[in-house]
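Next comes entry02.cif, a file with mmCIF, C-alpha atoms (C1' of nucleotides).
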```cif
data_upload
loop_
_atom_site.label_atom_id
_atom_site.label_comp_id
_atom_site.auth_asym_id
_atom_site.auth_seq_id
_atom_site.Cartn_x
_atom_site.Cartn_y
_atom_site.Cartn_z
CA MET A 1 -2.28 -3.91 1.70
CA PRO A 2 -2.32 -3.18 -1.96
CA GLU A 3 1.21 -2.74 -3.27
CA LEU A 4 2.34 -2.78 -6.88
CA PRO A 5 1.21 -6.36 -7.70
CA GLU A 6 -2.23 -5.88 -6.17
CA VAL A 7 -2.73 -2.47 -7.78
CA GLU A 8 -1.54 -3.79 -11.15
CA THR A 9 -4.04 -6.63 -10.76
CA MET A 10 -6.74 -4.03 -10.08
CA ARG A 11 -5.68 -2.06 -13.14
CA ARG A 12 -5.89 -5.11 -15.38
CA GLY A 13 -9.19 -6.08 -13.79
CA VAL A 14 -10.88 -2.80 -14.60
CA LEU A 15 -9.75 -2.76 -18.25
CA PRO A 16 -13.27 -3.82 -19.33
CA VAL A 17 -14.50 -0.31 -18.46
CA VAL A 18 -12.26 1.31 -21.07
CA GLY A 19 -14.57 2.95 -23.59
CA SER A 20 -17.47 3.16 -21.13
CA CYS A 21 -19.07 6.48 -20.31
CA VAL A 22 -19.57 7.71 -16.73
CA LYS A 23 -23.35 7.89 -16.36
CA SER A 24 -23.53 8.98 -12.72
CA ILE A 25 -21.45 9.02 -9.57
CA HIS A 26 -22.76 7.99 -6.16
CA PHE A 27 -20.90 9.22 -3.12
CA VAL A 28 -22.11 7.05 -0.31
CA ALA A 29 -23.50 9.35 2.31
CA SER A 30 -22.36 8.38 5.78
CA PRO A 31 -18.69 7.53 5.36
CA TYR A 32 -18.17 10.28 2.81
CA LYS A 33 -16.37 12.52 5.27
CA LYS A 34 -14.04 9.78 6.28
CA ILE A 35 -12.24 9.24 3.02
CA ARG A 36 -10.54 11.89 1.00
CA ILE A 37 -12.63 12.73 -2.02
CA THR A 38 -11.70 15.81 -4.01
CA PRO A 39 -12.93 18.09 -5.41
CA ARG A 40 -16.36 18.65 -3.84
CA ARG A 41 -18.90 16.17 -5.09
CA ASP A 42 -20.83 18.60 -7.31
CA VAL A 43 -17.62 19.74 -9.01
CA PHE A 44 -16.45 16.14 -9.29
CA ARG A 45 -19.71 15.16 -10.99
CA HIS A 46 -19.71 18.19 -13.23
CA ARG A 47 -16.29 17.34 -14.61
CA ALA A 48 -16.58 13.54 -14.78
CA VAL A 49 -20.18 12.64 -15.62
CA GLY A 50 -20.71 12.16 -19.33
CA GLN A 51 -17.04 11.51 -19.95
CA ARG A 52 -15.72 8.40 -21.61
CA ILE A 53 -12.96 6.42 -19.86
CA THR A 54 -10.16 6.33 -22.39
CA GLU A 55 -7.42 4.45 -20.60
CA ILE A 56 -6.54 2.80 -17.27
CA GLY A 57 -3.11 3.54 -15.86
CA ARG A 58 -1.15 2.87 -12.73
CA LEU A 59 1.11 5.27 -10.89
CA GLY A 60 2.97 3.38 -8.19
CA LYS A 61 0.20 2.14 -5.90
CA ARG A 62 -2.55 4.25 -7.49
CA VAL A 63 -4.98 3.40 -10.29
CA LEU A 64 -5.63 6.12 -12.86
CA LEU A 65 -8.86 6.35 -14.84
CA HIS A 66 -8.17 8.73 -17.70
CA LEU A 67 -11.17 10.59 -19.11
CA GLU A 68 -11.66 12.01 -22.58
CA ASN A 69 -11.62 15.59 -21.22
CA ARG A 70 -8.03 14.92 -20.08
CA HIS A 71 -8.99 14.79 -16.44
CA THR A 72 -8.01 11.74 -14.40
CA ILE A 73 -9.74 9.93 -11.57
CA VAL A 74 -6.96 8.92 -9.18
CA ILE A 75 -7.80 6.01 -6.91
CA GLU A 76 -5.55 5.33 -3.97
CA PRO A 77 -6.50 2.16 -2.08
CA ARG A 78 -3.92 2.52 0.71
CA MET A 79 -4.54 -0.27 3.22
CA THR A 80 -7.98 -1.67 2.54
CA GLY A 81 -9.33 0.05 -0.54
CA LEU A 82 -10.73 -2.12 -3.33
CA LEU A 83 -11.84 -1.44 -6.86
CA LEU A 84 -14.73 -3.73 -7.72
CA LEU A 85 -16.78 -4.59 -10.76
CA ALA A 86 -18.61 -7.27 -8.77
CA GLU A 87 -20.96 -6.73 -5.84
CA PRO A 88 -19.04 -5.18 -2.92
CA PRO A 89 -18.63 -7.27 0.28
CA ASP A 90 -20.91 -4.95 2.26
CA GLU A 91 -22.74 -1.65 1.98
CA GLN A 92 -21.20 -0.21 5.10
CA HIS A 93 -17.79 0.47 3.64
CA LEU A 94 -18.84 1.50 0.17
CA ARG A 95 -17.40 4.90 -0.62
CA VAL A 96 -18.00 5.72 -4.28
CA GLY A 97 -20.00 4.10 -7.07
CA PHE A 98 -19.43 4.99 -10.71
CA GLN A 99 -22.43 4.04 -12.81
CA LEU A 100 -21.31 3.33 -16.36
CA ARG A 101 -22.80 3.05 -19.80
CA GLY A 102 -21.09 0.02 -21.32
CA PRO A 103 -20.60 -3.68 -20.69
CA VAL A 104 -20.13 -3.27 -16.93
CA PRO A 105 -22.86 -1.37 -15.03
CA TRP A 106 -20.92 -0.29 -11.94
CA LEU A 107 -17.41 0.37 -10.76
CA TRP A 108 -17.18 0.57 -6.97
CA PHE A 109 -14.61 1.90 -4.55
CA TRP A 110 -14.95 0.04 -1.28
CA ASP A 111 -12.66 0.75 1.69
CA ARG A 112 -13.07 -0.79 5.11
CA ARG A 113 -10.64 1.37 7.00
CA GLY A 114 -11.21 4.48 5.00
CA LEU A 115 -7.60 5.50 4.58
CA GLY A 116 -7.88 5.56 0.80
CA SER A 117 -8.85 8.38 -1.48
CA VAL A 118 -10.63 9.14 -4.74
CA ARG A 119 -9.57 12.31 -6.49
CA LEU A 120 -10.36 13.92 -9.80
CA MET A 121 -7.41 15.84 -11.19
CA SER A 122 -6.69 17.99 -14.19
CA GLU A 123 -3.60 17.25 -16.27
CA ARG A 124 -1.80 20.09 -14.60
CA GLN A 125 -2.79 19.02 -11.11
CA LEU A 126 -1.73 15.44 -11.81
CA ALA A 127 1.64 16.60 -13.13
CA ILE A 128 2.25 18.70 -10.02
CA GLU A 129 0.79 16.58 -7.24
CA LEU A 130 1.89 13.22 -8.59
CA GLY A 131 4.78 14.25 -10.80
CA PRO A 132 8.32 12.86 -10.79
CA GLN A 133 9.17 14.98 -7.74
CA ARG A 134 6.57 13.12 -5.71
CA VAL A 135 6.56 9.69 -7.32
CA GLY A 136 9.75 7.98 -8.39
CA PRO A 137 10.25 5.60 -11.32
CA ASP A 138 8.02 2.55 -11.28
CA ALA A 139 9.59 -0.51 -9.69
CA LEU A 140 8.91 -2.55 -12.82
CA ALA A 141 10.50 0.02 -15.12
CA ILE A 142 13.43 1.38 -13.13
CA THR A 143 16.84 0.36 -14.44
CA LEU A 144 19.65 -0.90 -12.25
CA ASP A 145 21.59 2.30 -12.95
CA GLN A 146 18.65 4.49 -11.96
CA LEU A 147 18.05 2.55 -8.76
CA HIS A 148 21.72 2.66 -7.89
CA ALA A 149 22.03 6.39 -8.61
CA ARG A 150 18.97 7.22 -6.54
CA LEU A 151 19.87 5.33 -3.39
CA ARG A 152 23.60 4.65 -3.36
CA ASP A 153 24.41 7.65 -1.15
CA SER A 154 21.54 7.23 1.29
CA ARG A 155 22.41 6.37 4.86
CA ARG A 156 19.06 4.72 5.44
CA ALA A 157 18.60 0.97 5.80
CA ILE A 158 17.85 -0.64 2.44
CA LYS A 159 14.45 -1.87 3.66
CA VAL A 160 13.41 1.65 4.66
CA ALA A 161 14.79 3.28 1.51
CA LEU A 162 12.93 0.92 -0.84
CA LEU A 163 9.66 1.98 0.77
CA ASP A 164 10.30 5.63 -0.16
CA GLN A 165 7.90 6.23 -3.04
CA ARG A 166 9.82 9.32 -4.15
CA ALA A 167 12.87 7.14 -4.74
CA ILE A 168 11.06 4.20 -6.36
CA ALA A 169 7.33 3.65 -6.69
CA GLY A 170 5.34 0.53 -5.96
CA VAL A 171 7.29 -1.45 -3.35
CA GLY A 172 5.54 -1.81 0.02
CA ASN A 173 6.15 -3.50 3.31
CA LEU A 174 5.27 -7.01 2.24
CA TYR A 175 7.22 -7.26 -1.01
CA VAL A 176 10.30 -5.54 0.38
CA SER A 177 10.83 -8.40 2.84
CA GLU A 178 10.28 -10.94 0.09
CA LEU A 179 12.61 -9.35 -2.41
CA LEU A 180 15.42 -8.80 0.10
CA HIS A 181 15.21 -12.46 1.02
CA VAL A 182 15.53 -13.47 -2.62
CA ALA A 183 18.42 -11.01 -3.03
CA ARG A 184 20.05 -12.31 0.18
CA ILE A 185 20.45 -8.82 1.61
CA HIS A 186 20.05 -7.96 5.29
CA PRO A 187 17.18 -5.45 5.63
CA GLU A 188 19.18 -3.24 8.01
CA LYS A 189 22.11 -2.91 5.63
CA ARG A 190 22.76 0.76 4.88
CA CYS A 191 22.32 1.76 1.25
CA ASP A 192 25.71 3.46 1.09
CA ARG A 193 27.39 0.23 2.18
CA LEU A 194 25.96 -1.99 -0.53
CA THR A 195 28.21 -3.14 -3.36
CA ARG A 196 27.28 -2.84 -7.00
CA ASN A 197 26.79 -6.58 -7.10
CA GLN A 198 24.37 -6.38 -4.19
CA TRP A 199 22.42 -3.60 -5.92
CA SER A 200 22.23 -5.79 -8.96
CA ARG A 201 20.81 -8.66 -6.91
CA ILE A 202 18.25 -6.33 -5.33
CA HIS A 203 17.16 -5.04 -8.73
CA ALA A 204 16.84 -8.51 -10.22
CA ALA A 205 15.04 -9.91 -7.17
CA MET A 206 12.64 -6.99 -7.15
CA LEU A 207 11.61 -7.63 -10.75
CA ASP A 208 11.33 -11.37 -10.18
CA VAL A 209 9.22 -11.08 -7.05
CA LEU A 210 6.90 -8.38 -8.38
CA ARG A 211 6.32 -10.12 -11.70
CA GLU A 212 5.69 -13.44 -9.99
CA ALA A 213 3.26 -11.79 -7.56
CA ILE A 214 1.38 -10.21 -10.48
CA ARG A 215 1.10 -13.64 -12.10
CA TYR A 216 -0.53 -14.87 -8.89
CA GLU A 217 -2.78 -11.77 -8.79
CA GLY A 218 -1.30 -10.43 -5.56
CA SER A 219 -1.48 -11.46 -1.93
CA THR A 220 -4.59 -11.84 0.20
CA LEU A 221 -3.46 -11.87 3.83
CA SER A 222 -5.22 -13.55 6.73
CA ASP A 223 -7.07 -10.31 7.41
CA GLY A 224 -8.59 -11.08 4.03
CA THR A 225 -8.98 -7.55 2.82
CA TYR A 226 -7.33 -7.62 -0.58
CA ARG A 227 -9.53 -8.97 -3.37
CA ASN A 228 -9.43 -8.61 -7.14
CA VAL A 229 -12.16 -6.71 -9.01
CA LEU A 230 -14.37 -9.81 -8.93
CA ASN A 231 -13.97 -10.08 -5.16
CA GLN A 232 -11.69 -13.12 -5.43
CA GLU A 233 -8.56 -13.79 -3.40
CA GLY A 234 -5.07 -13.48 -4.82
CA GLY A 235 -2.71 -16.45 -4.67
CA TYR A 236 0.72 -15.12 -3.84
CA GLN A 237 0.27 -15.44 -0.06
CA HIS A 238 0.97 -19.15 -0.54
CA CYS A 239 4.36 -18.27 -2.02
CA HIS A 240 5.57 -15.97 0.73
CA ARG A 241 9.06 -16.91 1.82
CA VAL A 242 9.38 -14.79 4.96
CA TYR A 243 6.62 -12.21 5.24
CA GLY A 244 4.25 -13.06 8.10
CA ARG A 245 6.17 -16.25 8.88
CA PRO A 246 8.12 -15.55 12.08
CA GLU A 247 9.88 -18.57 13.57
CA LYS A 248 9.12 -20.68 10.51
CA PRO A 249 12.08 -22.39 8.83
CA CYS A 250 13.75 -20.40 6.08
CA PRO A 251 12.64 -21.85 2.73
CA ARG A 252 16.16 -21.53 1.35
CA CYS A 253 18.50 -22.78 4.07
CA GLN A 254 15.99 -24.71 6.21
CA ASN A 255 18.41 -24.44 9.12
CA SER A 256 17.45 -21.04 10.34
CA ARG A 257 14.18 -19.57 11.52
CA VAL A 258 12.64 -16.45 10.04
CA LYS A 259 13.16 -13.47 12.29
CA ARG A 260 10.84 -10.51 12.77
CA ILE A 261 12.25 -7.08 13.54
CA VAL A 262 10.72 -3.59 13.47
CA GLN A 263 12.11 -0.85 11.24
CA ALA A 264 10.47 2.57 10.99
CA GLN A 265 7.49 1.21 12.96
CA ARG A 266 6.92 -1.55 10.40
CA SER A 267 7.53 -5.30 10.62
CA THR A 268 10.41 -6.73 8.65
CA PHE A 269 10.91 -10.47 8.14
CA PHE A 270 14.19 -12.05 7.08
CA CYS A 271 16.48 -15.05 7.45
CA PRO A 272 19.45 -14.15 9.66
CA ARG A 273 21.52 -16.88 8.02
CA CYS A 274 20.82 -16.17 4.34
CA GLN A 275 20.72 -12.41 4.78
CA ARG A 276 23.85 -11.48 6.66
CA LYS A 277 24.77 -7.96 7.57
"C1'" DC B 1 18.55 19.12 2.61
"C1'" DA B 2 17.95 14.14 4.53
"C1'" DT B 3 15.94 11.38 7.73
"C1'" DA B 4 12.80 10.15 11.61
"C1'" DT B 5 8.48 10.11 13.87
"C1'" DG B 6 3.42 10.85 14.46
"C1'" DT B 7 -1.15 10.47 12.46
"C1'" DC B 8 -5.28 8.62 10.41
"C1'" DC B 9 -8.48 4.41 10.24
"C1'" DT B 10 -11.21 -0.47 11.58
"C1'" DG B 11 -11.58 -5.05 12.85
"C1'" DA B 12 -9.02 -9.38 13.95
"C1'" DG B 13 -6.94 -11.64 17.51
"C1'" DA B 14 -4.60 -11.88 22.02
"C1'" DG B 15 -5.04 -11.90 26.75
"C1'" DC B 16 -7.51 -11.85 30.93
"C1'" DT C 1 -18.16 -15.71 27.15
"C1'" DG C 2 -17.17 -10.95 26.69
"C1'" DC C 3 -14.48 -7.28 27.54
"C1'" DT C 4 -10.21 -4.25 26.57
"C1'" DC C 5 -6.10 -3.63 24.27
"C1'" DT C 6 -2.67 -3.90 20.54
"C1'" DC C 7 -1.48 -4.15 16.01
"C1'" DA C 8 -1.59 -4.12 10.85
"C1'" DG C 9 0.93 -0.22 7.15
"C1'" DG C 10 -0.58 2.87 2.93
"C1'" DA C 11 0.98 8.35 2.30
"C1'" DC C 12 1.70 12.52 4.17
"C1'" DA C 13 2.45 16.22 7.86
"C1'" DT C 14 5.47 17.65 11.11
"C1'" DA C 15 9.76 17.32 13.82
"C1'" DT C 16 14.66 16.77 14.22
#
```
Output the file's structure in the form of structure tokens.
Amino acid sequence: MPELPEVETMRRGVLPVVGSCVKSIHFVASPYKKIRITPRRDVFRHRAVGQRITEIGRLGKRVLLHLENRHTIVIEPRMTGLLLLAEPPDEQHLRVGFQLRGPVPWLWFWDRRGLGSVRLMSERQLAIELGPQRVGPDALAITLDQLHARLRDSRRAIKVALLDQRAIAGVGNLYVSELLHVARIHPEKRCDRLTRNQWSRIHAAMLDVLREAIRYEGSTLSDGTYRNVLNQEGGYQHCHRVYGRPEKPCPRCQNSRVKRIVQAQRSTFFCPRCQRK
DNA sequence: CATATGTCCTGAGAGC
DNA sequence: TGCTCTCAGGACATAT
């Protein structure tokens, strides 16, 4: 489940393709219909082939490949999408191959479940479809004041609100449980009932957890889907405090067991003793 | 407007 | 053993 740390790891991993030229693009035939690829493949090729990759960016949970003609290839991994410089795990779930002229011959988009997307956008399209109205400030860049201003009046539970990418971009279901545990905030606590001090703890914990997870190159869960661009596992799953650990002792207080609840159809893990409502 | 729910997708694992 | 069923959660469409 690539969230900010995994996508940032992908971004850093594909930096070696900066300066390379797109030689050809292979849309793998059979699963093509199943993932969202826009525009049509001939138009996509016409606008991207022959272009140099000038820069690699990240917008929330998306990787951006900027081209010299000011178009951008927007890669959205969603649940199981991977960006690979190494040989993909199998042929079956290969979606797009970018053949490059440069030090690395191929950049692959591989996606087992096919919920991801690969889109080529003009500057204008990018500004509209993924502009500040649609994607909030990045979780690593947002200030405490910005975070506070954006969510302080919301009646939603803090866990649910932090997953809203329009409010703040990059936090997903795994890291929200982790950061709320570090901040000692109950996931069901309503935003409009949090004190300034609690917001401050959330902000600090968010930065700590995300930065630490990036250092470990993200989390590879037992389903094993997330891999870095060289098809290697991340390491942060060994550091998880609560996520995916129901009934295990809380790593902070030891006296309480991690509880699993469901909020907005998603699992939340927390320590009922350390994170009181 | 804000918030809640439904939808897509595949394969791992549970349960029988 | 081998089958069926549930569940995992990204973003977005639709409903309340």
Could you write out as a PyMOL selection string the residues of chain B within 10 Å of chain A, counting all atoms listed in the file? chain B and resi 2-5+8-12
At a cut-off of 12 Å, list the chain C residues touching chain A, using all atoms listed in the file, as a PDB file with C-alpha atoms (C1' of nucleotides), keeping the file's coordinate frame.
```
ATOM      1  C1'  DC C   7      -1.480  -4.150  16.010  1.00  0.00           C
ATOM      2  C1'  DA C   8      -1.590  -4.120  10.850  1.00  0.00           C
ATOM      3  C1'  DG C   9       0.930  -0.220   7.150  1.00  0.00           C
ATOM      4  C1'  DG C  10      -0.580   2.870   2.930  1.00  0.00           C
ATOM      5  C1'  DA C  11       0.980   8.350   2.300  1.00  0.00           C
ATOM      6  C1'  DC C  12       1.700  12.520   4.170  1.00  0.00           C
TER       7       DC C  12
END
```
Could you state which residues are captured by the PyMOL selection byres ((chain A and resi 38) around 10) in this file, as a ChimeraX atom specification? /A:35-37,39-41,43-44,73-74,117-121
* Provide the atom CA of Val242 of chain A to atom CA of Leu194 of chain A distance in Å, to one decimal place. =>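 A separation of 21.7 Å between them.
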Handout entry: the PyMOL selection byres ((chain A and resi 166) around 8) resolved against shown file, as a ChimeraX atom specification
Key = /A:132-136,164-165,167-169
Review point. Which residues, written as a count of residues only, have at least one atom at most 7 Å from segment 63-69 of chain A, with only C-alpha atoms (C1' of nucleotides) counted and residues fewer than 5 positions away on the same chain left out?
Key: 13
If we count all atoms listed in the file and set the cut-off at 12 Å, which residues sit around DC16 of chain B, ignoring sequence neighbours fewer than 5 positions away in its own chain? Please answer as a ChimeraX atom specification. /C:1-5
Q. Any idea what the distance is between atom CA of Leu144 of chain A and atom CA of Glu8 of chain A?
A.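 Atom-to-atom, atom CA of Leu144 of chain A and atom CA of Glu8 of chain A are spaced 21.4 Å apart.
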Atom pair atom CA of Ala213 of chain A + atom CA of Ser200 of chain A, distance 19.9 Å
Segment 1-5 of chain C, all listed atoms, 3 Å padding on each side: what axis-aligned box centre and edge lengths in Å to one decimal come out, as lines of an AutoDock Vina configuration file?
```
center_x = -12.1
center_y = -9.7
center_z = 25.9
size_x = 18.1
size_y = 18.1
size_z = 9.3
```
Give as a PDB file with C-alpha atoms, in the coordinates of the input the residues that the PyMOL selection byres ((chain A and resi 202) around 9) matches when applied to the coordinates above.
```pdb
ATOM      1  CA  LEU A 144      19.650  -0.900 -12.250  1.00  0.00           C
ATOM      2  CA  LEU A 179      12.610  -9.350  -2.410  1.00  0.00           C
ATOM      3  CA  LEU A 180      15.420  -8.800   0.100  1.00  0.00           C
ATOM      4  CA  VAL A 182      15.530 -13.470  -2.620  1.00  0.00           C
ATOM      5  CA  ALA A 183      18.420 -11.010  -3.030  1.00  0.00           C
ATOM      6  CA  ARG A 184      20.050 -12.310   0.180  1.00  0.00           C
ATOM      7  CA  ILE A 185      20.450  -8.820   1.610  1.00  0.00           C
ATOM      8  CA  ASN A 197      26.790  -6.580  -7.100  1.00  0.00           C
ATOM      9  CA  GLN A 198      24.370  -6.380  -4.190  1.00  0.00           C
ATOM     10  CA  TRP A 199      22.420  -3.600  -5.920  1.00  0.00           C
ATOM     11  CA  SER A 200      22.230  -5.790  -8.960  1.00  0.00           C
ATOM     12  CA  ARG A 201      20.810  -8.660  -6.910  1.00  0.00           C
ATOM     13  CA  HIS A 203      17.160  -5.040  -8.730  1.00  0.00           C
ATOM     14  CA  ALA A 204      16.840  -8.510 -10.220  1.00  0.00           C
ATOM     15  CA  ALA A 205      15.040  -9.910  -7.170  1.00  0.00           C
ATOM     16  CA  MET A 206      12.640  -6.990  -7.150  1.00  0.00           C
ATOM     17  CA  LEU A 207      11.610  -7.630 -10.750  1.00  0.00           C
TER      18      LEU A 207
END
```
Please reconstruct the missing atoms of segment 156-166 of chain A (target: all heavy atoms) and return them as a PDB file, in the coordinates of the input.
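The new file selection.pdb reads:
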```pdb
ATOM      1  N   ARG A 156      20.163   5.517   4.883  1.00  0.00           N
ATOM      2  CA  ARG A 156      19.060   4.720   5.440  1.00  0.00           C
ATOM      3  C   ARG A 156      19.298   3.222   5.210  1.00  0.00           C
ATOM      4  O   ARG A 156      20.029   2.806   4.312  1.00  0.00           O
ATOM      5  CB  ARG A 156      17.746   5.104   4.767  1.00  0.00           C
ATOM      6  CG  ARG A 156      17.229   6.441   5.175  1.00  0.00           C
ATOM      7  CD  ARG A 156      15.972   6.805   4.410  1.00  0.00           C
ATOM      8  NE  ARG A 156      16.234   7.010   2.998  1.00  0.00           N
ATOM      9  CZ  ARG A 156      15.301   7.321   2.106  1.00  0.00           C
ATOM     10  NH1 ARG A 156      14.054   7.444   2.491  1.00  0.00           N
ATOM     11  NH2 ARG A 156      15.613   7.498   0.841  1.00  0.00           N
ATOM     12  N   ALA A 157      18.609   2.418   6.017  1.00  0.00           N
ATOM     13  CA  ALA A 157      18.600   0.970   5.800  1.00  0.00           C
ATOM     14  C   ALA A 157      17.918   0.690   4.473  1.00  0.00           C
ATOM     15  O   ALA A 157      16.952   1.372   4.102  1.00  0.00           O
ATOM     16  CB  ALA A 157      17.845   0.278   6.935  1.00  0.00           C
ATOM     17  N   ILE A 158      18.401  -0.326   3.761  1.00  0.00           N
ATOM     18  CA  ILE A 158      17.850  -0.640   2.440  1.00  0.00           C
ATOM     19  C   ILE A 158      16.341  -0.900   2.492  1.00  0.00           C
ATOM     20  O   ILE A 158      15.591  -0.446   1.620  1.00  0.00           O
ATOM     21  CB  ILE A 158      18.615  -1.835   1.789  1.00  0.00           C
ATOM     22  CG1 ILE A 158      18.055  -2.169   0.406  1.00  0.00           C
ATOM     23  CG2 ILE A 158      18.623  -3.075   2.669  1.00  0.00           C
ATOM     24  CD1 ILE A 158      18.194  -1.078  -0.621  1.00  0.00           C
ATOM     25  N   LYS A 159      15.890  -1.583   3.530  1.00  0.00           N
ATOM     26  CA  LYS A 159      14.450  -1.870   3.660  1.00  0.00           C
ATOM     27  C   LYS A 159      13.632  -0.586   3.714  1.00  0.00           C
ATOM     28  O   LYS A 159      12.606  -0.443   3.056  1.00  0.00           O
ATOM     29  CB  LYS A 159      14.217  -2.721   4.910  1.00  0.00           C
ATOM     30  CG  LYS A 159      12.960  -2.452   5.745  1.00  0.00           C
ATOM     31  CD  LYS A 159      11.725  -3.014   5.186  1.00  0.00           C
ATOM     32  CE  LYS A 159      10.386  -2.717   5.772  1.00  0.00           C
ATOM     33  NZ  LYS A 159       9.959  -2.839   7.056  1.00  0.00           N
ATOM     34  N   VAL A 160      14.124   0.384   4.499  1.00  0.00           N
ATOM     35  CA  VAL A 160      13.410   1.650   4.660  1.00  0.00           C
ATOM     36  C   VAL A 160      13.460   2.464   3.363  1.00  0.00           C
ATOM     37  O   VAL A 160      12.460   3.030   2.923  1.00  0.00           O
ATOM     38  CB  VAL A 160      13.992   2.446   5.845  1.00  0.00           C
ATOM     39  CG1 VAL A 160      13.343   3.817   5.960  1.00  0.00           C
ATOM     40  CG2 VAL A 160      13.814   1.660   7.145  1.00  0.00           C
ATOM     41  N   ALA A 161      14.618   2.481   2.725  1.00  0.00           N
ATOM     42  CA  ALA A 161      14.790   3.280   1.510  1.00  0.00           C
ATOM     43  C   ALA A 161      13.895   2.785   0.365  1.00  0.00           C
ATOM     44  O   ALA A 161      13.353   3.589  -0.393  1.00  0.00           O
ATOM     45  CB  ALA A 161      16.255   3.266   1.075  1.00  0.00           C
ATOM     46  N   LEU A 162      13.749   1.463   0.254  1.00  0.00           N
ATOM     47  CA  LEU A 162      12.930   0.920  -0.840  1.00  0.00           C
ATOM     48  C   LEU A 162      11.452   1.228  -0.669  1.00  0.00           C
ATOM     49  O   LEU A 162      10.666   1.102  -1.610  1.00  0.00           O
ATOM     50  CB  LEU A 162      13.149  -0.590  -0.975  1.00  0.00           C
ATOM     51  CG  LEU A 162      14.497  -1.021  -1.550  1.00  0.00           C
ATOM     52  CD1 LEU A 162      14.656  -2.534  -1.471  1.00  0.00           C
ATOM     53  CD2 LEU A 162      14.668  -0.549  -2.999  1.00  0.00           C
ATOM     54  N   LEU A 163      11.064   1.610   0.538  1.00  0.00           N
ATOM     55  CA  LEU A 163       9.660   1.980   0.770  1.00  0.00           C
ATOM     56  C   LEU A 163       9.382   3.452   0.435  1.00  0.00           C
ATOM     57  O   LEU A 163       8.234   3.881   0.459  1.00  0.00           O
ATOM     58  CB  LEU A 163       9.281   1.729   2.237  1.00  0.00           C
ATOM     59  CG  LEU A 163       9.282   0.273   2.696  1.00  0.00           C
ATOM     60  CD1 LEU A 163       8.898   0.188   4.166  1.00  0.00           C
ATOM     61  CD2 LEU A 163       8.328  -0.557   1.855  1.00  0.00           C
ATOM     62  N   ASP A 164      10.443   4.208   0.152  1.00  0.00           N
ATOM     63  CA  ASP A 164      10.300   5.630  -0.160  1.00  0.00           C
ATOM     64  C   ASP A 164       9.790   5.786  -1.592  1.00  0.00           C
ATOM     65  O   ASP A 164      10.541   5.574  -2.544  1.00  0.00           O
ATOM     66  CB  ASP A 164      11.651   6.320   0.035  1.00  0.00           C
ATOM     67  CG  ASP A 164      11.595   7.810  -0.267  1.00  0.00           C
ATOM     68  OD1 ASP A 164      10.553   8.296  -0.752  1.00  0.00           O
ATOM     69  OD2 ASP A 164      12.613   8.484  -0.012  1.00  0.00           O
ATOM     70  N   GLN A 165       8.533   6.170  -1.720  1.00  0.00           N
ATOM     71  CA  GLN A 165       7.900   6.230  -3.040  1.00  0.00           C
ATOM     72  C   GLN A 165       8.468   7.333  -3.931  1.00  0.00           C
ATOM     73  O   GLN A 165       8.280   7.304  -5.142  1.00  0.00           O
ATOM     74  CB  GLN A 165       6.380   6.385  -2.900  1.00  0.00           C
ATOM     75  CG  GLN A 165       5.729   5.274  -2.089  1.00  0.00           C
ATOM     76  CD  GLN A 165       5.875   3.898  -2.703  1.00  0.00           C
ATOM     77  OE1 GLN A 165       5.383   3.647  -3.809  1.00  0.00           O
ATOM     78  NE2 GLN A 165       6.563   2.984  -2.010  1.00  0.00           N
ATOM     79  N   ARG A 166       9.154   8.298  -3.338  1.00  0.00           N
ATOM     80  CA  ARG A 166       9.820   9.320  -4.150  1.00  0.00           C
ATOM     81  C   ARG A 166      11.063   8.741  -4.821  1.00  0.00           C
ATOM     82  O   ARG A 166      11.459   9.163  -5.903  1.00  0.00           O
ATOM     83  CB  ARG A 166      10.220  10.528  -3.309  1.00  0.00           C
ATOM     84  CG  ARG A 166       9.042  11.379  -2.876  1.00  0.00           C
ATOM     85  CD  ARG A 166       9.513  12.556  -2.020  1.00  0.00           C
ATOM     86  NE  ARG A 166      10.278  12.097  -0.861  1.00  0.00           N
ATOM     87  CZ  ARG A 166       9.753  11.808   0.337  1.00  0.00           C
ATOM     88  NH1 ARG A 166       8.454  11.950   0.527  1.00  0.00           N
ATOM     89  NH2 ARG A 166      10.490  11.381   1.324  1.00  0.00           N
TER      90      ARG A 166
END
```
